[in-house]
Each structure stands twice: as structure tokens, then as C-alpha cells.
$ cat model.cif   # mmCIF, C-alpha atoms and all ligand atoms
data_coords
loop_
_atom_site.label_atom_id
_atom_site.label_comp_id
_atom_site.auth_asym_id
_atom_site.auth_seq_id
_atom_site.Cartn_x
_atom_site.Cartn_y
_atom_site.Cartn_z
CA MET N 1 -36.06 -28.06 -21.17
CA SER N 2 -33.73 -25.06 -20.66
CA GLU N 3 -35.15 -21.76 -19.38
CA PRO N 4 -35.68 -19.05 -22.03
CA SER N 5 -32.80 -16.61 -22.11
CA ILE N 6 -31.49 -13.47 -23.80
CA HIS N 7 -28.26 -14.07 -25.67
CA LEU N 8 -25.91 -11.07 -25.83
CA ARG N 9 -22.68 -10.84 -27.83
CA ILE N 10 -20.74 -7.74 -26.79
CA LEU N 11 -17.63 -6.13 -28.23
CA ARG N 12 -15.51 -5.12 -25.27
CA ARG N 13 -12.45 -2.94 -24.83
CA ASP N 14 -10.75 -2.44 -21.47
CA ARG N 15 -9.42 1.06 -22.06
CA PRO N 16 -9.00 3.63 -24.85
CA GLY N 17 -6.79 2.19 -27.58
CA ALA N 18 -6.84 -1.35 -26.12
CA ARG N 19 -7.44 -4.38 -28.35
CA PRO N 20 -11.18 -5.13 -28.68
CA TYR N 21 -12.51 -8.63 -27.93
CA TRP N 22 -15.90 -10.37 -27.94
CA GLN N 23 -17.71 -11.88 -24.97
CA GLU N 24 -21.05 -13.69 -24.96
CA PHE N 25 -23.59 -13.83 -22.16
CA ARG N 26 -26.98 -15.41 -21.47
CA ILE N 27 -29.32 -13.78 -18.99
CA PRO N 28 -32.78 -15.04 -17.95
CA TYR N 29 -35.52 -13.95 -20.35
CA LYS N 30 -38.03 -11.36 -19.13
CA PRO N 31 -40.83 -10.04 -21.35
CA ASN N 32 -40.73 -6.40 -22.49
CA TYR N 33 -37.03 -5.96 -21.78
CA ASN N 34 -35.18 -3.38 -23.80
CA VAL N 35 -31.43 -3.60 -24.41
CA LEU N 36 -30.77 -1.23 -21.52
CA SER N 37 -32.72 -3.42 -19.07
CA ALA N 38 -30.83 -6.46 -20.39
CA LEU N 39 -27.49 -4.70 -19.78
CA MET N 40 -28.62 -3.72 -16.28
CA ALA N 41 -29.59 -7.34 -15.55
CA LEU N 42 -26.24 -8.51 -16.90
CA ARG N 43 -24.43 -6.07 -14.62
CA GLU N 44 -25.94 -7.94 -11.62
CA ASN N 45 -24.22 -11.15 -12.67
CA PRO N 46 -21.56 -10.69 -15.37
CA VAL N 47 -20.75 -14.33 -16.16
CA THR N 48 -19.92 -15.37 -19.74
CA VAL N 49 -21.46 -18.36 -21.51
CA GLU N 50 -18.22 -20.22 -20.67
CA GLY N 51 -18.91 -19.61 -16.96
CA GLU N 52 -16.17 -17.02 -16.39
CA ARG N 53 -17.00 -14.11 -14.07
CA VAL N 54 -15.80 -10.91 -15.75
CA ASP N 55 -15.85 -7.16 -15.14
CA PRO N 56 -19.31 -5.62 -15.64
CA VAL N 57 -19.88 -4.10 -19.08
CA ALA N 58 -19.54 -0.30 -19.20
CA TRP N 59 -21.98 1.90 -21.10
CA GLU N 60 -23.66 5.28 -20.64
CA HIS N 61 -27.29 6.07 -19.96
CA ASN N 62 -29.36 8.69 -18.22
CA CYS N 63 -33.05 9.31 -18.96
CA MET N 64 -33.99 5.80 -20.14
CA GLU N 65 -36.84 7.24 -22.24
CA GLU N 66 -35.21 8.27 -25.52
CA VAL N 67 -34.66 11.88 -24.58
CA CYS N 68 -31.00 12.21 -23.54
CA GLY N 69 -29.41 10.13 -26.32
CA ALA N 70 -26.63 8.89 -24.04
CA CYS N 71 -27.27 5.14 -24.47
CA ALA N 72 -26.88 5.07 -28.27
CA MET N 73 -24.82 2.10 -29.48
CA LEU N 74 -24.63 -0.27 -32.42
CA ILE N 75 -27.32 -2.92 -31.92
CA ASN N 76 -27.30 -5.70 -34.49
CA GLN N 77 -25.29 -3.31 -36.65
CA ARG N 78 -27.83 -0.47 -36.47
CA PRO N 79 -27.03 2.69 -34.50
CA GLN N 80 -29.86 3.27 -32.03
CA PRO N 81 -30.59 4.14 -28.38
CA ALA N 82 -30.50 1.02 -26.17
CA CYS N 83 -33.49 2.27 -24.15
CA SER N 84 -35.91 2.03 -27.07
CA ALA N 85 -34.51 -1.16 -28.65
CA LEU N 86 -36.91 -3.88 -27.55
CA VAL N 87 -35.34 -7.28 -26.99
CA ASP N 88 -38.40 -9.13 -28.33
CA ALA N 89 -38.03 -7.33 -31.66
CA LEU N 90 -34.34 -8.16 -32.07
CA ARG N 91 -32.64 -11.14 -33.69
CA GLN N 92 -30.50 -13.13 -31.24
CA PRO N 93 -27.74 -13.17 -30.34
CA ILE N 94 -28.13 -9.44 -29.84
CA VAL N 95 -24.81 -8.02 -30.98
CA LEU N 96 -23.76 -4.86 -29.15
CA GLU N 97 -20.88 -2.66 -30.25
CA PRO N 98 -19.88 0.88 -29.33
CA LEU N 99 -21.22 3.64 -31.56
CA PRO N 100 -18.82 3.84 -34.52
CA LYS N 101 -16.90 6.99 -35.44
CA PHE N 102 -16.41 8.06 -31.82
CA PRO N 103 -13.40 7.26 -29.59
CA VAL N 104 -14.14 4.30 -27.29
CA ILE N 105 -13.54 4.94 -23.61
CA ARG N 106 -14.44 1.43 -22.48
CA ASP N 107 -16.75 -1.33 -23.80
CA LEU N 108 -19.90 0.43 -25.08
CA LEU N 109 -19.00 3.82 -23.66
CA VAL N 110 -17.83 6.36 -26.23
CA ASP N 111 -16.69 9.98 -26.15
CA ARG N 112 -19.25 12.00 -28.12
CA SER N 113 -17.76 15.40 -27.32
CA ARG N 114 -17.13 16.04 -31.03
CA ILE N 115 -20.89 16.43 -31.53
CA PHE N 116 -20.99 19.11 -28.86
CA ALA N 117 -17.96 20.85 -30.40
CA GLY N 118 -19.96 20.97 -33.67
CA LEU N 119 -22.95 22.49 -31.89
CA LYS N 120 -20.68 25.16 -30.36
CA ARG N 121 -19.18 25.85 -33.76
CA VAL N 122 -22.60 26.67 -35.25
CA LYS N 123 -23.80 28.56 -32.15
CA ALA N 124 -26.69 26.17 -31.62
CA TRP N 125 -28.42 28.33 -29.05
CA ILE N 126 -30.61 31.44 -28.83
CA GLU N 127 -28.61 34.23 -27.22
CA ILE N 128 -31.32 36.30 -25.53
CA ASP N 129 -34.29 33.93 -25.53
CA GLY N 130 -36.87 34.94 -22.93
CA ALA N 131 -35.73 38.55 -22.54
CA TRP N 132 -38.82 39.94 -24.29
CA ASP N 133 -41.78 41.44 -22.50
CA ILE N 134 -44.48 38.93 -23.39
CA HIS N 135 -47.21 41.61 -23.49
CA GLN N 136 -45.30 44.11 -25.62
CA GLY N 137 -44.76 42.94 -29.12
CA GLY N 138 -42.00 40.38 -28.71
CA PRO N 139 -41.45 38.03 -31.62
CA ARG N 140 -44.37 35.88 -32.67
CA ILE N 141 -44.06 32.38 -34.15
CA SER N 142 -47.04 30.94 -35.97
CA PRO N 143 -48.35 27.50 -34.94
CA GLN N 144 -47.31 26.22 -38.38
CA GLU N 145 -43.72 27.41 -37.85
CA TRP N 146 -43.65 25.93 -34.35
CA GLU N 147 -44.84 22.62 -35.69
CA GLU N 148 -41.92 22.49 -38.10
CA ASN N 149 -39.40 23.82 -35.61
CA TYR N 150 -40.51 21.19 -33.12
CA LEU N 151 -39.36 18.44 -35.47
CA TYR N 152 -35.80 19.74 -35.24
CA SER N 153 -35.93 20.55 -31.54
CA ARG N 154 -36.26 16.83 -30.74
CA CYS N 155 -32.58 16.15 -31.46
CA MET N 156 -31.05 14.44 -28.43
CA THR N 157 -27.43 14.45 -29.72
CA CYS N 158 -27.35 10.66 -29.64
CA GLY N 159 -24.92 10.59 -32.55
CA CYS N 160 -26.71 7.84 -34.50
CA CYS N 161 -26.88 10.01 -37.63
CA MET N 162 -23.16 10.79 -37.39
CA SER N 163 -22.19 7.16 -36.93
CA ALA N 164 -24.19 6.15 -40.04
CA CYS N 165 -22.73 8.96 -42.18
CA PRO N 166 -19.90 7.81 -44.48
CA GLN N 167 -18.46 11.34 -44.56
CA TYR N 168 -18.25 11.71 -40.78
CA GLY N 169 -15.45 10.25 -38.70
CA PRO N 170 -11.85 10.57 -37.61
CA GLN N 171 -10.76 10.72 -41.27
CA SER N 172 -12.58 14.03 -41.90
CA ASP N 173 -13.49 17.40 -40.39
CA PHE N 174 -17.12 17.09 -41.48
CA ILE N 175 -19.35 18.59 -38.79
CA GLY N 176 -22.11 16.02 -39.43
CA PRO N 177 -25.88 16.12 -39.87
CA ALA N 178 -27.05 16.92 -36.33
CA PRO N 179 -25.32 20.34 -36.02
CA LEU N 180 -26.43 21.18 -39.58
CA ALA N 181 -30.05 20.53 -38.59
CA GLN N 182 -29.65 22.75 -35.55
CA VAL N 183 -28.59 25.61 -37.84
CA ARG N 184 -32.00 25.25 -39.49
CA LEU N 185 -33.73 25.34 -36.09
CA MET N 186 -31.81 28.27 -34.59
CA ASN N 187 -31.98 30.37 -37.75
CA ALA N 188 -35.77 29.93 -37.87
CA HIS N 189 -36.19 31.52 -34.43
CA PRO N 190 -36.95 35.29 -34.51
CA THR N 191 -34.22 36.00 -31.96
CA GLY N 192 -31.88 33.33 -33.25
CA ARG N 193 -31.92 35.07 -36.64
CA TYR N 194 -29.56 37.71 -35.24
CA GLN N 195 -26.75 35.11 -35.47
CA ARG N 196 -27.98 33.67 -38.75
CA GLY N 197 -25.00 34.97 -40.76
CA GLU N 198 -22.46 33.62 -38.25
CA ARG N 199 -24.07 30.17 -38.37
CA LEU N 200 -24.11 30.15 -42.16
CA ASP N 201 -20.48 31.29 -42.26
CA ALA N 202 -19.61 28.43 -39.89
CA ILE N 203 -21.16 25.79 -42.15
CA MET N 204 -19.64 27.33 -45.28
CA ALA N 205 -16.15 26.85 -43.82
CA GLU N 206 -13.97 23.74 -44.09
CA GLY N 207 -15.69 20.62 -42.74
CA GLY N 208 -19.09 22.21 -43.29
CA LEU N 209 -22.02 21.64 -45.58
CA SER N 210 -20.02 21.01 -48.74
CA ASP N 211 -18.55 17.84 -47.17
CA CYS N 212 -22.00 16.19 -47.10
CA GLY N 213 -22.01 13.37 -49.68
CA ASN N 214 -25.82 13.10 -49.74
CA ALA N 215 -25.74 9.42 -48.70
CA GLN N 216 -29.00 9.96 -46.74
CA ASN N 217 -28.06 7.34 -44.14
CA CYS N 218 -28.56 9.95 -41.41
CA VAL N 219 -32.26 10.36 -41.99
CA ALA N 220 -32.73 6.58 -42.22
CA VAL N 221 -31.37 5.95 -38.71
CA CYS N 222 -32.45 9.03 -36.74
CA PRO N 223 -34.59 7.65 -33.88
CA LYS N 224 -36.45 10.97 -33.60
CA GLU N 225 -37.29 11.00 -37.32
CA ILE N 226 -35.77 14.44 -37.80
CA PRO N 227 -35.91 15.49 -41.48
CA LEU N 228 -32.12 15.79 -41.69
CA THR N 229 -31.81 15.72 -45.45
CA THR N 230 -34.47 18.44 -45.79
CA SER N 231 -32.53 20.61 -43.36
CA ILE N 232 -29.30 20.02 -45.30
CA ALA N 233 -30.99 20.95 -48.59
CA ARG N 234 -32.38 24.11 -47.01
CA ALA N 235 -28.99 24.96 -45.54
CA GLY N 236 -27.58 24.63 -49.07
CA ARG N 237 -30.05 27.20 -50.40
CA ALA N 238 -29.49 29.51 -47.43
CA THR N 239 -25.69 29.44 -47.82
CA THR N 240 -25.97 30.17 -51.55
CA LEU N 241 -28.14 33.24 -50.90
CA HIS N 242 -25.88 34.25 -48.03
CA SER N 243 -22.77 34.16 -50.27
CA ILE N 244 -24.51 36.18 -53.01
CA LYS N 245 -25.59 38.75 -50.44
CA LYS N 246 -22.07 38.94 -49.00
CA TRP N 247 -20.68 39.44 -52.49
CA PHE N 248 -22.97 42.46 -53.07
CA ASP N 249 -22.35 43.86 -49.58
FE1 LIG G 1 -29.63 11.55 -32.88
FE2 LIG G 1 -31.37 12.28 -34.82
FE3 LIG G 1 -30.13 14.15 -33.33
FE4 LIG G 1 -28.75 12.71 -35.14
S1 LIG G 1 -30.40 14.17 -35.54
S2 LIG G 1 -28.09 13.21 -33.08
S3 LIG G 1 -29.76 10.72 -34.96
S4 LIG G 1 -31.60 12.60 -32.62
#

$ encode --input "model.cif" --output "C-alpha cells" --more "lines below"
Ligand code: SF4
Amino acid sequence: MSEPSIHLRILRRDRPGARPYWQEFRIPYKPNYNVLSALMALRENPVTVEGERVDPVAWEHNCMEEVCGACAMLINQRPQPACSALVDALRQPIVLEPLPKFPVIRDLLVDRSRIFAGLKRVKAWIEIDGAWDIHQGGPRISPQEWEENYLYSRCMTCGCCMSACPQYGPQSDFIGPAPLAQVRLMNAHPTGRYQRGERLDAIMAEGGLSDCGNAQNCVAVCPKEIPLTTSIARAGRATTLHSIKKWFD
């Protein structure tokens, strides 16, 4: 009887713009593996099912505990982080493809810098956070507000929501759901509110909120269960009020 194995089918590409091709591998089964551990085991001995020794598969990872978002890829056609995709819960062969919508650098490694450009565009930071004297009437945030803000603060810029969004991609300028959700988070902060108008202006411009087609795929795939569609709806209300206010100003 043959030893139990993990069967991987991987879409590979040798360099940006090169023709993609499939390779299949079998590695020895180990219980409790996730896709990242399977890729690491494969890297030790990259031999295809036909017995050909090939270059190790390239991908990106860092924290390995679903915090950094770097290892997101398409796993059995669902965008998700490889570190939290358990092999025992996946149908085999496990089909791995690079995260769609982003330029492929090599194999499963993609360039996600467009997400970070979107975050810069909406000023997804608090400019003077921490400069208050904590004993002298700095801003206060109620536990209820913190609880809601925390939901949005868990974004790890993995890009899964963007890759599932039909509006996002090389064909459009749409900024995508993750930066829109960060507008909600930053504008809720007492200090972040100073840039509230600039953030709303940014998402009212071309490629902003109005490009959302309300497909709701983003919220269905977000591994951190961030209420993306709620944040988009709230951003819609905030931009409407912001435009009315600007009109009267
Ligand atoms: Fe990833 Fe969710 Fe953040 Fe989108 S919102 S980048 S899916 S963690």
C-alpha cells in the first residue's frame, strides 16, 4: 500500500510576463499541515510527480500566524492566507495559484504594492497619535467604539478582498475594499478626524467609492471577517454629507 501523501497542483511562472504552466507534486502526508508547511516541505525536495527535479516554488510569507497577510494566494480557487489553510480541510489535489488581480513576480509571489498605494491615497494613518498628555484631557474613546474600531484594525493587507472583487484589477482604477475600510477606521479616531475631509475627498475622486459594484465578494472572503460592506455603506453616507457640507461652505 502506498504511503499517504499531499497532492499539490501549482501554477508556475518563471518571471514576470512569462507563460504560466502547471506542475504537480506529491509530498509525504503529515497531520495538521497547513498549505505553508506543505510548501516548505516541498521546497526541501522539489520533484514533480513525473520524477523531474525542478526549481523550488517561490512564494512570500512572514509571520505564519495570519497577521502579516503576505502568504495570501488562490487555494482551490479561494483567495486565502496559506498559513491558515489546513491541508486536512482541503480537497486534493490542492490547487495553488497566485493571488489574482496582482502582477505575478514568480510562481505564487505577487506584487501587492497597489494596495499600499491605495492606503497612502486615503492617508490610512493617524498623524499625531500618541502626542497627547495622557493625564490631561486627551481624546477619549469609549469601549464600545474601540470594540468596533478593533474589527477594522485587524486588516493585514492580504489582498484577498481585492482579488475577489470584480471591480478591482488592472482594467480599473478602483481603490478596492481594504483602503475604503481603513477610511472608516481612521476617520473614527479622535485625532484621525482632523484628516477626515481629505480622506473623504480621496474616495470621492476617480477610482473611489462610486466604482464599487456592491458584489459583496470582499466580505465573503476576508479571513479577518472585517465588515467591509458595512464600512462601504457608511463611507457612502459620509461622502454624501461631506459633499452637501462642501456645497454650503
Ligand atoms: Fe485581507 Fe480582509 Fe484586509 Fe481585505 S480587508 S486586505 S481580505 S484582511

$ residues_near_ligand --input "model.cif" --ligand "ligand LIG 1 (chain G)" --cutoff "7 Å" --atoms "only C-alpha atoms and all ligand atoms" --output "list in words"
Gly69, Arg154, Cys155, Met156, Thr157, Cys158, Gly159, Cys160, Cys161, Met162, Pro177, Ala178, Cys218, Val221, Cys222, Pro223, Lys224, Glu225, Ile226 and Leu228 of chain N

$ write_last_selection --input "model.cif" --atoms "C-alpha atoms" --output "short mmCIF file (atom, residue, chain, number, x, y, z; two decimals), in the coordinates of the input"
data_model
loop_
_atom_site.label_atom_id
_atom_site.label_comp_id
_atom_site.auth_asym_id
_atom_site.auth_seq_id
_atom_site.Cartn_x
_atom_site.Cartn_y
_atom_site.Cartn_z
CA GLY N 69 -29.41 10.13 -26.32
CA ARG N 154 -36.26 16.83 -30.74
CA CYS N 155 -32.58 16.15 -31.46
CA MET N 156 -31.05 14.44 -28.43
CA THR N 157 -27.43 14.45 -29.72
CA CYS N 158 -27.35 10.66 -29.64
CA GLY N 159 -24.92 10.59 -32.55
CA CYS N 160 -26.71 7.84 -34.50
CA CYS N 161 -26.88 10.01 -37.63
CA MET N 162 -23.16 10.79 -37.39
CA PRO N 177 -25.88 16.12 -39.87
CA ALA N 178 -27.05 16.92 -36.33
CA CYS N 218 -28.56 9.95 -41.41
CA VAL N 221 -31.37 5.95 -38.71
CA CYS N 222 -32.45 9.03 -36.74
CA PRO N 223 -34.59 7.65 -33.88
CA LYS N 224 -36.45 10.97 -33.60
CA GLU N 225 -37.29 11.00 -37.32
CA ILE N 226 -35.77 14.44 -37.80
CA LEU N 228 -32.12 15.79 -41.69
#

$ residues_around --input "model.cif" --residues "Ser142 (chain N)" --least-positions-apart "5" --cutoff "12 Å" --atoms "only C-alpha atoms" --output "PyMOL selection string"
chain N and resi 147-149+188-190

$ residues_near_point --input "model.cif" --point "(-32.9, 18.3, -46.2)" --cutoff "10 Å" --atoms "all atoms listed in the file" --output "mmCIF file with C-alpha atoms, in the frame of the given file"
data_model
loop_
_atom_site.group_PDB
_atom_site.id
_atom_site.type_symbol
_atom_site.label_atom_id
_atom_site.label_comp_id
_atom_site.auth_asym_id
_atom_site.auth_seq_id
_atom_site.Cartn_x
_atom_site.Cartn_y
_atom_site.Cartn_z
ATOM 1 C CA PRO N 177 -25.880 16.120 -39.870
ATOM 2 C CA LEU N 180 -26.430 21.180 -39.580
ATOM 3 C CA ALA N 181 -30.050 20.530 -38.590
ATOM 4 C CA ARG N 184 -32.000 25.250 -39.490
ATOM 5 C CA ASN N 214 -25.820 13.100 -49.740
ATOM 6 C CA GLN N 216 -29.000 9.960 -46.740
ATOM 7 C CA VAL N 219 -32.260 10.360 -41.990
ATOM 8 C CA ILE N 226 -35.770 14.440 -37.800
ATOM 9 C CA PRO N 227 -35.910 15.490 -41.480
ATOM 10 C CA LEU N 228 -32.120 15.790 -41.690
ATOM 11 C CA THR N 229 -31.810 15.720 -45.450
ATOM 12 C CA THR N 230 -34.470 18.440 -45.790
ATOM 13 C CA SER N 231 -32.530 20.610 -43.360
ATOM 14 C CA ILE N 232 -29.300 20.020 -45.300
ATOM 15 C CA ALA N 233 -30.990 20.950 -48.590
ATOM 16 C CA ARG N 234 -32.380 24.110 -47.010
ATOM 17 C CA ALA N 235 -28.990 24.960 -45.540
ATOM 18 C CA GLY N 236 -27.580 24.630 -49.070
#

$ atom_distance --input "model.cif" --atom1 "CA of His61 (chain N)" --atom2 "CA of Ala41 (chain N)"
14.3 Å

$ atom_distance --input "model.cif" --atom1 "CA of Asp55 (chain N)" --atom2 "CA of Ala18 (chain N)"
15.3 Å

$ closest_residue --input "model.cif" --among "N:Gly17, N:Gly197, N:Pro143, N:Pro100" --to "Ala72 (chain N)" --atoms "all atoms listed in the file"
N:Pro100

$ residues_around --input "model.cif" --residues "region 9-14 of chain N" --least-positions-apart "4" --cutoff "6 Å" --atoms "all atoms listed in the file" --output "list in words"
Ala18, Pro20, Tyr21, Trp22, Gln23, Glu24, Ile94, Val95, Leu96, Glu97, Arg106 and Asp107 of chain N

$ residues_around --input "model.cif" --residues "Arg114 (chain N)" --least-positions-apart "3" --cutoff "10 Å" --atoms "all atoms listed in the file" --output "PDB file with C-alpha atoms, in the coordinates of the input"
ATOM      1  CA  PHE N 102     -16.410   8.060 -31.820  1.00  0.00           C
ATOM      2  CA  PRO N 103     -13.400   7.260 -29.590  1.00  0.00           C
ATOM      3  CA  ASP N 111     -16.690   9.980 -26.150  1.00  0.00           C
ATOM      4  CA  ALA N 117     -17.960  20.850 -30.400  1.00  0.00           C
ATOM      5  CA  GLY N 118     -19.960  20.970 -33.670  1.00  0.00           C
ATOM      6  CA  LEU N 119     -22.950  22.490 -31.890  1.00  0.00           C
ATOM      7  CA  LYS N 120     -20.680  25.160 -30.360  1.00  0.00           C
ATOM      8  CA  GLY N 159     -24.920  10.590 -32.550  1.00  0.00           C
ATOM      9  CA  GLY N 169     -15.450  10.250 -38.700  1.00  0.00           C
ATOM     10  CA  ILE N 175     -19.350  18.590 -38.790  1.00  0.00           C
ATOM     11  CA  GLY N 176     -22.110  16.020 -39.430  1.00  0.00           C
TER      12      GLY N 176
END

$ closest_residue --input "model.cif" --among "N:Ile115, N:Ile141, N:Val47, N:Ala70" --to "Gln182 (chain N)" --atoms "all atoms listed in the file"
N:Ile115
